[in-house]
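Colleague: Let me give you the structure first, and then I'll get to my questions.
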Amino acid sequence: MQELLRKHIEKIIPLSDEDFAFIASHFSTRKFRKHQFLIQEGDAVKYSYFVISGLLKLVHTDDSGKEHVVSFAMEDWWESDYFAFYTQTKATMSLVCLEDTEVLCILLEDYRKLCDGLQKIERFFLEKSNFGFLGSQRRIVSWQTANSKERYEQFIKQYPSLTQRVPKSLIASYLGVSRETLSRLSL
């Protein structure tokens with residue numbers, strides 16, 4: 001399982017066995033069942049998670065109780081309520097398993113020790129952050145300029161495997177449309 005993390009990191013930076021042993025020493029492994037929370041809104045956010053297996057959804061619940069899907073995370077992806085993680089404030093979102101899930105977890109303190117102890121891992125995390133930021137910008141532009149059908153087509157093109165793993169009601173929430181609208185779009 002840690003070999004998956006190594007391959008993931010080595011897509012961006014080369015690692016020696018010594019480098020990876022140091023990196024691996026900063027992570028712990030946890031398993032969660034379907035429907036289990038990794039983070040609940042209002043709780044402290046201790047970890048950033050790297051998904052080894054399974055599927056997660058990050059959601060925000062508005063004042064009326066409506067759940068909005070912010071993102072999904074499957075194998076080889078990172079997820080957390082990053083604002084709460086980096087600022088050490090209470091979670092404003094929840095992270096929930098859509099499938100039985102196994103993750104590698106890193107505490108903020110260990111993340112900082114890791115970056116201080118191995119400079120090239122900072123480049124890795126910077127690249128991951130940059131790509132996450134670019135993805136967020138692309139999603140915002142899509143929300144502002146694309147209609148529901150175009151957003152759905154973009155979702156299918158960008159995340160083809162998720163359409164088989166995620167219920168349509170959650171895809172609809174992610175796209176900001178009703179389940180009925182999504183049903184019409186997917187015909």
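Ordered as shown in the structure tokens, chains take letters A, B, and onward, while each chain numbers its residues from 1 and ligands are numbered from 1 in the order shown.
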Show me, as a PyMOL selection string, the residues that have an atom within 12 Å of region 60-75 of chain A when counting only C-alpha atoms, minus same-chain residues fewer than 4 positions from it.
Modeller: chain A and resi 1+4-5+8+39-42+49-56+79-81+91-104+132+135-136+139-140+155+159+161-163+165-178
Colleague: Would you save the residues of that selection, restricted to C-alpha atoms, as a compact mmCIF listing (two decimals), in the first residue's frame?
Modeller:
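Produced file part.txt, reproduced below:
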```txt
# COMPACT_ATOMS: atom_id res chain seq x y z
CA MET A 1 0.00 0.00 0.00
CA LEU A 4 1.20 3.18 -4.21
CA LEU A 5 2.21 6.37 -2.43
CA HIS A 8 2.31 8.58 -6.88
CA ILE A 39 -14.18 14.34 8.88
CA GLN A 40 -17.43 15.72 10.28
CA GLU A 41 -18.43 19.34 9.97
CA GLY A 42 -17.58 21.13 13.21
CA TYR A 49 -5.65 11.77 3.34
CA PHE A 50 -4.15 9.90 0.40
CA VAL A 51 -6.64 7.35 -0.95
CA ILE A 52 -5.20 3.86 -1.37
CA SER A 53 -8.53 2.22 -2.22
CA GLY A 54 -12.15 3.27 -2.11
CA LEU A 55 -14.09 6.42 -2.81
CA LEU A 56 -14.84 9.55 -0.76
CA GLU A 79 -8.51 14.93 0.13
CA SER A 80 -9.32 16.84 3.29
CA ASP A 81 -11.08 20.00 4.38
CA ALA A 91 -14.26 21.68 9.66
CA THR A 92 -16.85 23.42 7.50
CA MET A 93 -17.21 20.29 5.37
CA SER A 94 -17.57 16.56 5.92
CA LEU A 95 -15.56 13.80 4.28
CA VAL A 96 -17.56 10.59 3.91
CA CYS A 97 -16.87 7.13 2.45
CA LEU A 98 -18.96 6.14 -0.56
CA GLU A 99 -17.22 2.75 -0.50
CA ASP A 100 -15.07 0.88 2.00
CA THR A 101 -11.88 2.95 1.92
CA GLU A 102 -8.25 2.65 2.95
CA VAL A 103 -6.16 5.79 3.30
CA LEU A 104 -2.74 6.98 4.32
CA GLY A 132 -5.70 21.34 -7.33
CA GLY A 135 -8.84 22.26 -11.20
CA SER A 136 -10.79 24.59 -8.91
CA ARG A 139 -14.61 24.25 -12.23
CA ILE A 140 -15.46 27.87 -11.34
CA PHE A 155 -17.56 15.63 -15.87
CA TYR A 159 -13.86 11.48 -14.61
CA SER A 161 -14.74 5.96 -13.96
CA LEU A 162 -16.72 8.01 -11.42
CA THR A 163 -19.92 7.76 -13.47
CA ARG A 165 -19.12 4.40 -9.00
CA VAL A 166 -21.07 7.47 -7.88
CA PRO A 167 -24.87 7.65 -7.61
CA LYS A 168 -26.46 10.08 -10.07
CA SER A 169 -27.93 12.09 -7.19
CA LEU A 170 -24.39 12.89 -5.99
CA ILE A 171 -23.18 13.72 -9.50
CA ALA A 172 -26.17 16.07 -9.79
CA SER A 173 -25.21 17.75 -6.52
CA TYR A 174 -21.60 18.13 -7.71
CA LEU A 175 -22.83 19.71 -10.96
CA GLY A 176 -25.37 21.93 -9.18
CA VAL A 177 -28.41 20.46 -10.94
CA SER A 178 -31.41 18.45 -9.81
```
Colleague: For Thr87 (chain A), find every residue with an atom within 10 Å (counting only C-alpha atoms), except residues of its own chain fewer than 4 positions away, and show them as a PyMOL selection string.
Modeller: chain A and resi 45+82-83+108
Colleague: Generate a file of the selected residues that holds C-alpha atoms, formatted as an mmCIF file, in the first residue's frame.
Modeller:
```
data_model
loop_
_atom_site.group_PDB
_atom_site.id
_atom_site.type_symbol
_atom_site.label_atom_id
_atom_site.label_comp_id
_atom_site.auth_asym_id
_atom_site.auth_seq_id
_atom_site.Cartn_x
_atom_site.Cartn_y
_atom_site.Cartn_z
ATOM 1 C CA VAL A 45 -9.353 18.331 11.063
ATOM 2 C CA TYR A 82 -7.874 21.827 3.542
ATOM 3 C CA PHE A 83 -8.867 25.206 4.919
ATOM 4 C CA LEU A 108 -0.123 18.796 9.786
#
```
Colleague: Counting only C-alpha atoms, what is within 12 Å of Asp116 (chain A), bar same-chain residues fewer than 6 positions away, as a compact mmCIF listing (two decimals) with N, CA and C atoms, in the first residue's frame?
Modeller:
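out-v1.txt, freshly written:
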```txt
# COMPACT_ATOMS: atom_id res chain seq x y z
N PHE A 22 11.88 7.78 4.78
CA PHE A 22 11.62 8.98 5.59
C PHE A 22 10.19 9.47 5.38
N ILE A 23 9.74 9.51 4.13
CA ILE A 23 8.37 9.95 3.82
C ILE A 23 7.37 9.02 4.49
N GLU A 109 1.48 18.54 11.59
CA GLU A 109 2.81 18.58 12.21
C GLU A 109 3.79 17.67 11.45
N ASP A 110 3.34 16.48 11.07
CA ASP A 110 4.20 15.56 10.31
C ASP A 110 4.42 16.06 8.89
N GLU A 122 8.66 19.17 -0.78
CA GLU A 122 7.93 20.45 -0.88
C GLU A 122 7.53 20.71 -2.33
N ARG A 123 8.42 20.39 -3.26
CA ARG A 123 8.10 20.56 -4.68
C ARG A 123 6.93 19.67 -5.06
```
Colleague: So how many Å separate CA of Arg112 (chain A) and CA of Phe32 (chain A), to one decimal?
Modeller: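 For CA of Arg112 (chain A) relative to CA of Phe32 (chain A), the distance reads 25.4 Å.
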Colleague: Find, counting only C-alpha atoms, the residue in A:Lys7, A:Ser16, A:Ser48, A:Lys57 that gets nearest to Gln36 (chain A).
Modeller: A:Lys57
Colleague: I want to know what sits within 12 Å of Glu127 (chain A), based on only C-alpha atoms, with residues of the same chain fewer than 4 positions away left out; could you give that as a ChimeraX atom specification?
Modeller: /A:9,11-13,120-123,131-134
Colleague: What would the file look like if the residues just selected were written as a PDB file, in the first residue's frame with C-alpha atoms?
Modeller:
```
ATOM      1  CA  ILE A   9       5.117  10.805  -5.608  1.00  0.00           C
ATOM      2  CA  LYS A  11       5.293  10.822 -10.978  1.00  0.00           C
ATOM      3  CA  ILE A  12       6.603  14.255  -9.924  1.00  0.00           C
ATOM      4  CA  ILE A  13       9.931  13.775  -8.109  1.00  0.00           C
ATOM      5  CA  LYS A 120      12.150  17.959  -2.699  1.00  0.00           C
ATOM      6  CA  ILE A 121       8.887  16.769  -1.122  1.00  0.00           C
ATOM      7  CA  GLU A 122       7.933  20.446  -0.881  1.00  0.00           C
ATOM      8  CA  ARG A 123       8.098  20.563  -4.679  1.00  0.00           C
ATOM      9  CA  PHE A 131      -2.941  21.254  -9.944  1.00  0.00           C
ATOM     10  CA  GLY A 132      -5.704  21.340  -7.327  1.00  0.00           C
ATOM     11  CA  PHE A 133      -5.926  25.109  -7.671  1.00  0.00           C
ATOM     12  CA  LEU A 134      -6.053  24.827 -11.460  1.00  0.00           C
TER      13      LEU A 134
END
```
Colleague: Taking into account only C-alpha atoms, which residue in the set A:Phe27, A:Arg184, A:Glu3, A:Tyr47 is nearest to Leu114 (chain A)?
Modeller: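 Closest to Leu114 (chain A), using only C-alpha atoms: A:Phe27.
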Colleague: Where does DSSP see alpha helix (DSSP H) in chain A, if you list the residues as JSON, numbers by chain?
Modeller: {"A": [2, 3, 4, 5, 6, 7, 8, 9, 10, 17, 18, 19, 20, 21, 22, 23, 24, 82, 83, 84, 85, 86, 87, 108, 109, 110, 111, 112, 113, 114, 115, 116, 117, 119, 120, 121, 122, 123, 124, 125, 126, 127, 128, 129, 130, 131, 132, 133, 134, 135, 136, 137, 138, 139, 140, 141, 142, 143, 144, 145, 148, 149, 150, 151, 152, 153, 154, 155, 156, 157, 158, 162, 163, 164, 165, 168, 169, 170, 171, 172, 173, 174, 175, 179, 180, 181, 182, 183, 184, 185]}
Colleague: Which of these, A:Gln88, A:Ser28, A:Gln2, A:Ser186, has the shortest distance to Glu150 (chain A) once you count only C-alpha atoms?
Modeller: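 Looking only at the distances to Glu150 (chain A), the closest residue turns out to be A:Ser186.
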